[in-house]
Each structure stands twice: as C-alpha cells, then as structure tokens.
Amino acid sequence: MDMAVKENLEAFKKKLAGSSATLIAVSKTKPVEALLQAYEAGQRDFGENKVQEMAEKQTQLPSDIRWHMIGHLQSNKVKYIAPFVHLIHSVDSEKLLRAIDKEAKKAGRVIPCLLQVHIAEEETKFGLSDEETLAILQPSVLDSVPSVSIAGLMGMSTLTDNKAQIKKEFGHLKALFERIKKEVNHPRVEMKELSMGMSGDYAIAIEEGSTMIRVGSAIFGERNYVH
Ligand SMILES: *Cc1c(COP(=O)(O)O)cnc(C)c1O
C-alpha cells in the first residue's frame, strides 16, 4: 500500500493555497487504511463512486467524515447511502432525483444534491443537457420532491491535453451555474457548489470558478483496478 498519502495530501494542499475550493479526496478502490491516513492528516471530505464500497467504508471510519457520492447512481441503490451521504454530485435524471427524495424522506432528512451536466465531447460520460437541467429546476418538479435540495452543479471535462477545450467546457458549466443562480428562485435551490476539476485539470477548474475539486490519484496514487 502507498504510505505517502499524508505527504501527497500536504503537498497538494500547498498547491491549492489561496484557493477556497473544497478538496474532496476521491478514495474509490483504496483501502480504509489509506482513507484513515488522509483523515489523520485532517481530511474530512471523501468521494466514492460505488454505493456498496461507500456504505462499507462508512461503517468502518469515523462518523465526522462527509461522504460525497460522485459516481453514476442507480435509483434502486439510493437507500444504502440515504441515511448518511453528505452530498450527491451525480444526479443525472429526474427519476433518480425522485428516488433520492423517497429515500431521504424515509431517513427523515433532506439530502443535498448537485445536478450533473454533460459538458464533455465524449458521449460516454453521464450527465444532463443544459435544457434537461433547466427542466428539472421547474417548480412543478421541485415542489414534488420536498426531501431533496439542489446545491449546485457538477461536470467532468473531456479527457484531453487540450487546455483551451477544458477551459471552454468548465466555462460553459460556470455560465450555466450563474444563469440558474439568476433565474431560478425556489426555496430548495441554492447555487453554492460548482463541483469541477480532478487531478489532471483542477487548476483550470479553479480558474473557471470551481468550489469543489474531486481529487483521487494525486492524493492516493494511481488506482489499480486489476486485483
Ligand atoms: C475518479 C473520479 C475522480 C478523481 O479522479 P482523479 O483523476 O484520480 O483525480 C473525480 N471525479 C469523478 C466523478 C471520478 O469518478
């Protein structure tokens, strides 16, 4: 196991000095020992992309960790994370929003969500179009899901070395964020968080107004999916 988590985290935070963006440590595929090292170095926000993995880690780690669901989420799995999840970044359909509302109600809470917008060129990445995003933000939808709140937007850029393209995609998301802030007036919509930027493109994301960066490999090392 990579024991340099604390050092990586501290080095990464130095690079972020001067930015107020929240650092979410993306710990998917990493063992609880690695998360504990980050925790002991002061990290409290962790991101996972699989329901079962997050739920298992949650039972084994300190209760003041803020768990962020950042991966594609299936409606029938929301129940496993509804009691404790801090923020769901990956709401990409009205159906999923309704499932979150139902499970949040059962858990006796309101779950904050981000709408995931498709900003990349790749067709494979999940996310709503601008039009679909605005459609979900209509009062007719929002009034019917009282146990969710919308705290902002999330997006992933195209995997490319073309910085101008990444900048354009993040700029687009920021513009949509500002437009919604201006145009949508609902008690459960507050555009606070713009979740964009990962290990490879966080610097551009911050320049474009990101408030939450989701960083995995720069903290925990490369992921090895083949066990
Ligand atoms: C894995 C993942 C990240 C982190 O990626 P790194 O390149 O390791 O920083 C960020 N966001 C999402 C949605 C992810 O799935």
# chains A, B, ... in the order shown; residues from 1 in each chain; ligands from 1
call {"tool": "residues_around", "arguments": {"residues": "A:Glu10", "least_positions_apart": "5", "cutoff": "9 Å", "atoms": "only C-alpha atoms", "output": "list in words"}}
result
Val5, Lys15, Ala41 and Ile219 of chain A
call {"tool": "residues_near_ligand", "arguments": {"ligand": "ligand 1", "cutoff": "6 Å", "atoms": "only C-alpha atoms and all ligand atoms", "output": "number ranges by chain"}}
result
A: 26, 49, 70-71, 198-200, 214-217
call {"tool": "write_last_selection", "arguments": {"atoms": "N, CA and C atoms", "output": "short mmCIF file (atom, residue, chain, number, x, y, z; two decimals), in the first residue's frame"}}
result
data_model
loop_
_atom_site.label_atom_id
_atom_site.label_comp_id
_atom_site.auth_asym_id
_atom_site.auth_seq_id
_atom_site.Cartn_x
_atom_site.Cartn_y
_atom_site.Cartn_z
N VAL A 26 -10.86 11.68 -3.40
CA VAL A 26 -11.58 10.59 -4.07
C VAL A 26 -10.85 9.27 -3.79
N ASN A 49 -17.43 6.39 -5.74
CA ASN A 49 -18.32 6.30 -6.90
C ASN A 49 -19.16 5.03 -6.92
N ILE A 70 -20.01 10.54 -5.97
CA ILE A 70 -19.62 11.25 -7.21
C ILE A 70 -19.85 10.41 -8.47
N GLY A 71 -20.23 9.13 -8.29
CA GLY A 71 -20.37 8.26 -9.46
C GLY A 71 -21.82 8.07 -9.86
N MET A 198 -10.42 17.58 -11.46
CA MET A 198 -9.88 16.35 -10.92
C MET A 198 -8.34 16.49 -10.90
N SER A 199 -7.62 15.39 -10.65
CA SER A 199 -6.15 15.52 -10.54
C SER A 199 -5.52 16.21 -11.76
N GLY A 200 -6.05 15.92 -12.94
CA GLY A 200 -5.41 16.42 -14.16
C GLY A 200 -5.84 17.81 -14.59
N ARG A 214 -12.50 17.35 -7.05
CA ARG A 214 -12.56 15.92 -6.69
C ARG A 214 -11.24 15.28 -7.13
N VAL A 215 -10.38 15.02 -6.15
CA VAL A 215 -9.02 14.62 -6.49
C VAL A 215 -8.70 13.23 -5.91
N GLY A 216 -8.37 12.31 -6.79
CA GLY A 216 -8.05 10.95 -6.37
C GLY A 216 -6.57 10.64 -6.48
N SER A 217 -6.11 10.39 -7.70
CA SER A 217 -4.75 9.86 -7.89
C SER A 217 -3.65 10.77 -7.35
#
call {"tool": "select_by_dssp", "arguments": {"residues": "stretch 6-225 of chain A", "states": "helix (DSSP H, G or I)", "output": "ChimeraX atom specification"}}
result
/A:6-15,32-40,51-60,75-80,94-106,130-136,139-142,163-183,202-207,217-220
call {"tool": "write_last_selection", "arguments": {"atoms": "C-alpha atoms", "output": "PDB file, in the first residue's frame"}}
result
ATOM      1  CA  LYS A   6      -0.229  12.252   4.158  1.00  0.00           C
ATOM      2  CA  GLU A   7       2.714  13.683   2.207  1.00  0.00           C
ATOM      3  CA  ASN A   8       0.743  13.734  -1.060  1.00  0.00           C
ATOM      4  CA  LEU A   9      -2.160  15.448   0.646  1.00  0.00           C
ATOM      5  CA  GLU A  10       0.015  18.093   2.254  1.00  0.00           C
ATOM      6  CA  ALA A  11       1.890  18.749  -0.979  1.00  0.00           C
ATOM      7  CA  PHE A  12      -1.365  19.016  -2.889  1.00  0.00           C
ATOM      8  CA  LYS A  13      -2.886  21.413  -0.358  1.00  0.00           C
ATOM      9  CA  LYS A  14       0.157  23.666  -0.713  1.00  0.00           C
ATOM     10  CA  LYS A  15      -0.568  23.928  -4.416  1.00  0.00           C
ATOM     11  CA  VAL A  32      -9.796   2.060   4.596  1.00  0.00           C
ATOM     12  CA  GLU A  33      -6.181   2.330   5.853  1.00  0.00           C
ATOM     13  CA  ALA A  34      -5.452   4.839   3.096  1.00  0.00           C
ATOM     14  CA  LEU A  35      -8.548   6.863   3.985  1.00  0.00           C
ATOM     15  CA  LEU A  36      -7.536   6.804   7.653  1.00  0.00           C
ATOM     16  CA  GLN A  37      -4.154   8.260   6.763  1.00  0.00           C
ATOM     17  CA  ALA A  38      -5.846  11.127   4.975  1.00  0.00           C
ATOM     18  CA  TYR A  39      -8.267  11.506   7.894  1.00  0.00           C
ATOM     19  CA  GLU A  40      -5.408  11.716  10.368  1.00  0.00           C
ATOM     20  CA  VAL A  51     -22.693   2.605  -3.357  1.00  0.00           C
ATOM     21  CA  GLN A  52     -21.585  -0.636  -1.749  1.00  0.00           C
ATOM     22  CA  GLU A  53     -17.990   0.487  -1.349  1.00  0.00           C
ATOM     23  CA  MET A  54     -19.049   3.771   0.250  1.00  0.00           C
ATOM     24  CA  ALA A  55     -21.511   2.072   2.607  1.00  0.00           C
ATOM     25  CA  GLU A  56     -18.893  -0.452   3.734  1.00  0.00           C
ATOM     26  CA  LYS A  57     -16.213   2.162   4.323  1.00  0.00           C
ATOM     27  CA  GLN A  58     -18.668   4.407   6.162  1.00  0.00           C
ATOM     28  CA  THR A  59     -19.259   1.781   8.862  1.00  0.00           C
ATOM     29  CA  GLN A  60     -15.511   1.371   9.422  1.00  0.00           C
ATOM     30  CA  SER A  75     -32.242   4.550  -8.261  1.00  0.00           C
ATOM     31  CA  ASN A  76     -32.632   1.198  -6.528  1.00  0.00           C
ATOM     32  CA  LYS A  77     -29.350   1.652  -4.622  1.00  0.00           C
ATOM     33  CA  VAL A  78     -30.017   5.082  -3.107  1.00  0.00           C
ATOM     34  CA  LYS A  79     -31.409   3.506   0.063  1.00  0.00           C
ATOM     35  CA  TYR A  80     -27.977   2.218   1.119  1.00  0.00           C
ATOM     36  CA  GLU A  94     -35.488  13.260 -12.748  1.00  0.00           C
ATOM     37  CA  LYS A  95     -36.124   9.597 -11.956  1.00  0.00           C
ATOM     38  CA  LEU A  96     -33.023   9.475  -9.772  1.00  0.00           C
ATOM     39  CA  LEU A  97     -33.980  12.737  -8.053  1.00  0.00           C
ATOM     40  CA  ARG A  98     -37.374  11.199  -7.203  1.00  0.00           C
ATOM     41  CA  ALA A  99     -35.712   8.062  -5.817  1.00  0.00           C
ATOM     42  CA  ILE A 100     -33.424  10.209  -3.630  1.00  0.00           C
ATOM     43  CA  ASP A 101     -36.435  12.171  -2.401  1.00  0.00           C
ATOM     44  CA  LYS A 102     -38.245   8.963  -1.430  1.00  0.00           C
ATOM     45  CA  GLU A 103     -35.280   7.525   0.485  1.00  0.00           C
ATOM     46  CA  ALA A 104     -34.439  10.867   2.110  1.00  0.00           C
ATOM     47  CA  LYS A 105     -37.993  11.035   3.418  1.00  0.00           C
ATOM     48  CA  LYS A 106     -37.666   7.539   4.911  1.00  0.00           C
ATOM     49  CA  ASP A 130     -28.494  22.315 -20.297  1.00  0.00           C
ATOM     50  CA  GLU A 131     -32.164  22.013 -21.294  1.00  0.00           C
ATOM     51  CA  GLU A 132     -32.713  18.922 -19.135  1.00  0.00           C
ATOM     52  CA  THR A 133     -31.014  20.677 -16.219  1.00  0.00           C
ATOM     53  CA  LEU A 134     -33.331  23.667 -16.508  1.00  0.00           C
ATOM     54  CA  ALA A 135     -36.345  21.371 -16.870  1.00  0.00           C
ATOM     55  CA  ILE A 136     -35.583  19.683 -13.529  1.00  0.00           C
ATOM     56  CA  PRO A 139     -41.293  24.398  -9.701  1.00  0.00           C
ATOM     57  CA  SER A 140     -43.548  21.583 -10.972  1.00  0.00           C
ATOM     58  CA  VAL A 141     -40.665  19.141 -10.406  1.00  0.00           C
ATOM     59  CA  LEU A 142     -39.046  20.700  -7.337  1.00  0.00           C
ATOM     60  CA  LYS A 163      -6.323  23.053 -22.178  1.00  0.00           C
ATOM     61  CA  ALA A 164      -8.372  25.508 -24.218  1.00  0.00           C
ATOM     62  CA  GLN A 165     -11.052  22.889 -24.688  1.00  0.00           C
ATOM     63  CA  ILE A 166     -11.141  22.002 -20.974  1.00  0.00           C
ATOM     64  CA  LYS A 167     -11.350  25.696 -20.128  1.00  0.00           C
ATOM     65  CA  LYS A 168     -14.229  26.135 -22.548  1.00  0.00           C
ATOM     66  CA  GLU A 169     -16.141  23.199 -21.053  1.00  0.00           C
ATOM     67  CA  PHE A 170     -15.689  24.388 -17.459  1.00  0.00           C
ATOM     68  CA  GLY A 171     -16.527  27.932 -18.545  1.00  0.00           C
ATOM     69  CA  HIS A 172     -19.757  26.644 -20.024  1.00  0.00           C
ATOM     70  CA  LEU A 173     -20.706  24.950 -16.738  1.00  0.00           C
ATOM     71  CA  LYS A 174     -19.902  28.102 -14.788  1.00  0.00           C
ATOM     72  CA  ALA A 175     -22.091  30.168 -17.122  1.00  0.00           C
ATOM     73  CA  LEU A 176     -25.000  27.764 -16.648  1.00  0.00           C
ATOM     74  CA  PHE A 177     -24.435  27.910 -12.879  1.00  0.00           C
ATOM     75  CA  GLU A 178     -24.611  31.726 -12.932  1.00  0.00           C
ATOM     76  CA  ARG A 179     -27.679  31.681 -15.161  1.00  0.00           C
ATOM     77  CA  ILE A 180     -29.529  29.365 -12.768  1.00  0.00           C
ATOM     78  CA  LYS A 181     -28.455  31.495  -9.826  1.00  0.00           C
ATOM     79  CA  LYS A 182     -30.088  34.473 -11.502  1.00  0.00           C
ATOM     80  CA  GLU A 183     -33.175  32.851 -12.991  1.00  0.00           C
ATOM     81  CA  TYR A 202      -8.166  21.047 -11.172  1.00  0.00           C
ATOM     82  CA  ALA A 203      -6.057  24.151 -11.845  1.00  0.00           C
ATOM     83  CA  ILE A 204      -8.142  25.095 -14.890  1.00  0.00           C
ATOM     84  CA  ALA A 205     -11.333  24.289 -12.971  1.00  0.00           C
ATOM     85  CA  ILE A 206     -10.354  26.640 -10.142  1.00  0.00           C
ATOM     86  CA  GLU A 207      -9.577  29.400 -12.645  1.00  0.00           C
ATOM     87  CA  SER A 217      -4.749   9.859  -7.885  1.00  0.00           C
ATOM     88  CA  ALA A 218      -2.808  12.981  -6.845  1.00  0.00           C
ATOM     89  CA  ILE A 219      -3.518  12.035  -3.204  1.00  0.00           C
ATOM     90  CA  PHE A 220      -3.822   8.251  -3.125  1.00  0.00           C
TER      91      PHE A 220
END
call {"tool": "residues_around", "arguments": {"residues": "A:Ala151", "least_positions_apart": "2", "cutoff": "12 Å", "atoms": "only C-alpha atoms", "output": "JSON, numbers by chain"}}
result
{"A": [86, 87, 88, 89, 90, 91, 110, 111, 112, 113, 114, 115, 116, 137, 148, 149, 153, 154, 177, 180, 181, 186, 187, 188, 189, 190, 191, 192, 193, 194, 195, 211, 212]}
call {"tool": "atom_distance", "arguments": {"atom1": "atom CA of A:Ile81", "atom2": "atom CA of A:Phe126"}}
result
20.2 Å
call {"tool": "select_by_dssp", "arguments": {"residues": "stretch 55-109 of chain A", "states": "strand (DSSP E)", "output": "VMD selection string"}}
result
chain A and resid 66 to 69 87 to 91
call {"tool": "residues_around", "arguments": {"residues": "A:Glu123", "least_positions_apart": "5", "cutoff": "12 Å", "atoms": "only C-alpha atoms", "output": "PDB file with all heavy atoms, in the first residue's frame"}}
result
ATOM      1  N   HIS A 118     -23.695  17.318 -18.608  1.00  0.00           N
ATOM      2  CA  HIS A 118     -22.784  16.752 -19.612  1.00  0.00           C
ATOM      3  C   HIS A 118     -22.090  17.899 -20.342  1.00  0.00           C
ATOM      4  O   HIS A 118     -22.710  18.610 -21.125  1.00  0.00           O
ATOM      5  CB  HIS A 118     -23.583  15.902 -20.597  1.00  0.00           C
ATOM      6  CG  HIS A 118     -22.720  15.136 -21.532  1.00  0.00           C
ATOM      7  ND1 HIS A 118     -22.162  15.710 -22.646  1.00  0.00           N
ATOM      8  CD2 HIS A 118     -22.301  13.849 -21.522  1.00  0.00           C
ATOM      9  CE1 HIS A 118     -21.429  14.792 -23.278  1.00  0.00           C
ATOM     10  NE2 HIS A 118     -21.511  13.663 -22.610  1.00  0.00           N
ATOM     11  N   LEU A 128     -26.742  15.569 -17.674  1.00  0.00           N
ATOM     12  CA  LEU A 128     -27.898  16.210 -18.286  1.00  0.00           C
ATOM     13  C   LEU A 128     -27.438  17.247 -19.312  1.00  0.00           C
ATOM     14  O   LEU A 128     -26.361  17.830 -19.163  1.00  0.00           O
ATOM     15  CB  LEU A 128     -28.698  16.943 -17.201  1.00  0.00           C
ATOM     16  CG  LEU A 128     -29.227  16.092 -16.040  1.00  0.00           C
ATOM     17  CD1 LEU A 128     -29.431  16.968 -14.791  1.00  0.00           C
ATOM     18  CD2 LEU A 128     -30.526  15.405 -16.440  1.00  0.00           C
ATOM     19  N   SER A 129     -28.261  17.491 -20.314  1.00  0.00           N
ATOM     20  CA  SER A 129     -28.022  18.640 -21.191  1.00  0.00           C
ATOM     21  C   SER A 129     -28.435  19.903 -20.428  1.00  0.00           C
ATOM     22  O   SER A 129     -29.097  19.818 -19.386  1.00  0.00           O
ATOM     23  CB  SER A 129     -28.851  18.515 -22.470  1.00  0.00           C
ATOM     24  OG  SER A 129     -30.231  18.630 -22.143  1.00  0.00           O
ATOM     25  N   MET A 156     -17.787  16.981 -15.680  1.00  0.00           N
ATOM     26  CA  MET A 156     -16.475  16.397 -15.981  1.00  0.00           C
ATOM     27  C   MET A 156     -16.072  16.805 -17.391  1.00  0.00           C
ATOM     28  O   MET A 156     -16.847  16.648 -18.332  1.00  0.00           O
ATOM     29  CB  MET A 156     -16.553  14.865 -15.913  1.00  0.00           C
ATOM     30  CG  MET A 156     -16.753  14.339 -14.513  1.00  0.00           C
ATOM     31  SD  MET A 156     -17.098  12.560 -14.542  1.00  0.00           S
ATOM     32  CE  MET A 156     -15.428  11.944 -14.588  1.00  0.00           C
ATOM     33  N   SER A 157     -14.839  17.276 -17.516  1.00  0.00           N
ATOM     34  CA  SER A 157     -14.378  17.714 -18.837  1.00  0.00           C
ATOM     35  C   SER A 157     -13.938  16.513 -19.667  1.00  0.00           C
ATOM     36  O   SER A 157     -13.753  15.417 -19.157  1.00  0.00           O
ATOM     37  CB  SER A 157     -13.202  18.673 -18.667  1.00  0.00           C
ATOM     38  OG  SER A 157     -12.066  17.973 -18.228  1.00  0.00           O
ATOM     39  N   THR A 158     -13.746  16.763 -20.945  1.00  0.00           N
ATOM     40  CA  THR A 158     -13.208  15.740 -21.846  1.00  0.00           C
ATOM     41  C   THR A 158     -11.792  15.366 -21.396  1.00  0.00           C
ATOM     42  O   THR A 158     -11.029  16.238 -20.957  1.00  0.00           O
ATOM     43  CB  THR A 158     -13.152  16.305 -23.283  1.00  0.00           C
ATOM     44  OG1 THR A 158     -14.463  16.739 -23.653  1.00  0.00           O
ATOM     45  CG2 THR A 158     -12.658  15.268 -24.284  1.00  0.00           C
ATOM     46  N   LEU A 159     -11.463  14.098 -21.505  1.00  0.00           N
ATOM     47  CA  LEU A 159     -10.099  13.642 -21.197  1.00  0.00           C
ATOM     48  C   LEU A 159      -9.214  14.016 -22.383  1.00  0.00           C
ATOM     49  O   LEU A 159      -9.179  13.322 -23.393  1.00  0.00           O
ATOM     50  CB  LEU A 159     -10.121  12.126 -20.981  1.00  0.00           C
ATOM     51  CG  LEU A 159      -8.855  11.497 -20.412  1.00  0.00           C
ATOM     52  CD1 LEU A 159      -8.531  12.067 -19.044  1.00  0.00           C
ATOM     53  CD2 LEU A 159      -9.019   9.991 -20.326  1.00  0.00           C
TER      54      LEU A 159
END
call {"tool": "closest_residue", "arguments": {"among": "A:Ala21, A:Gln138, A:Ser93, A:Pro62", "to": "A:Gln74", "atoms": "only C-alpha atoms"}}
result
A:Ser93
call {"tool": "residues_around", "arguments": {"residues": "A:Arg223", "least_positions_apart": "2", "cutoff": "10 Å", "atoms": "only C-alpha atoms", "output": "CSV table (one decimal) with N, CA and C atoms, in the first residue's frame"}}
result
chain,number,residue,atom,x,y,z
A,27,SER,N,-11.5,8.5,-2.9
A,27,SER,CA,-10.8,7.3,-2.3
A,27,SER,C,-11.3,6.0,-2.9
A,28,LYS,N,-12.0,6.0,-4.1
A,28,LYS,CA,-12.5,4.8,-4.7
A,28,LYS,C,-11.4,3.8,-4.9
A,29,THR,N,-11.7,2.6,-4.7
A,29,THR,CA,-10.8,1.4,-4.9
A,29,THR,C,-9.7,1.4,-3.8
A,30,LYS,N,-9.6,2.4,-2.9
A,30,LYS,CA,-8.5,2.4,-1.9
A,30,LYS,C,-9.0,1.8,-0.6
A,216,GLY,N,-8.4,12.3,-6.8
A,216,GLY,CA,-8.0,11.0,-6.4
A,216,GLY,C,-6.6,10.6,-6.5
A,217,SER,N,-6.1,10.4,-7.7
A,217,SER,CA,-4.7,9.9,-7.9
A,217,SER,C,-3.7,10.8,-7.3
A,220,PHE,N,-3.9,9.7,-3.5
A,220,PHE,CA,-3.8,8.3,-3.1
A,220,PHE,C,-2.9,7.4,-4.1
A,221,GLY,N,-2.4,8.1,-5.1
A,221,GLY,CA,-1.6,7.3,-6.1
A,221,GLY,C,-2.5,6.7,-7.2
A,225,TYR,N,-7.2,-1.3,-10.9
A,225,TYR,CA,-8.5,-2.0,-10.9
A,225,TYR,C,-8.3,-3.5,-11.0
A,226,VAL,N,-7.1,-3.9,-11.3
A,226,VAL,CA,-6.9,-5.4,-11.5
A,226,VAL,C,-6.3,-5.9,-10.2
call {"tool": "closest_residue", "arguments": {"among": "A:Gly108, A:Gly155, A:Gly47, A:Gly42", "to": "A:Gly127", "atoms": "only C-alpha atoms"}}
result
A:Gly155
call {"tool": "closest_residue", "arguments": {"among": "A:Val117, A:Ile213, A:Ile150, A:Leu16", "to": "A:Asn185", "atoms": "only C-alpha atoms"}}
result
A:Ile150
call {"tool": "atom_distance", "arguments": {"atom1": "atom CA of A:Ser144", "atom2": "atom CA of A:Glu48"}}
result
28.1 Å
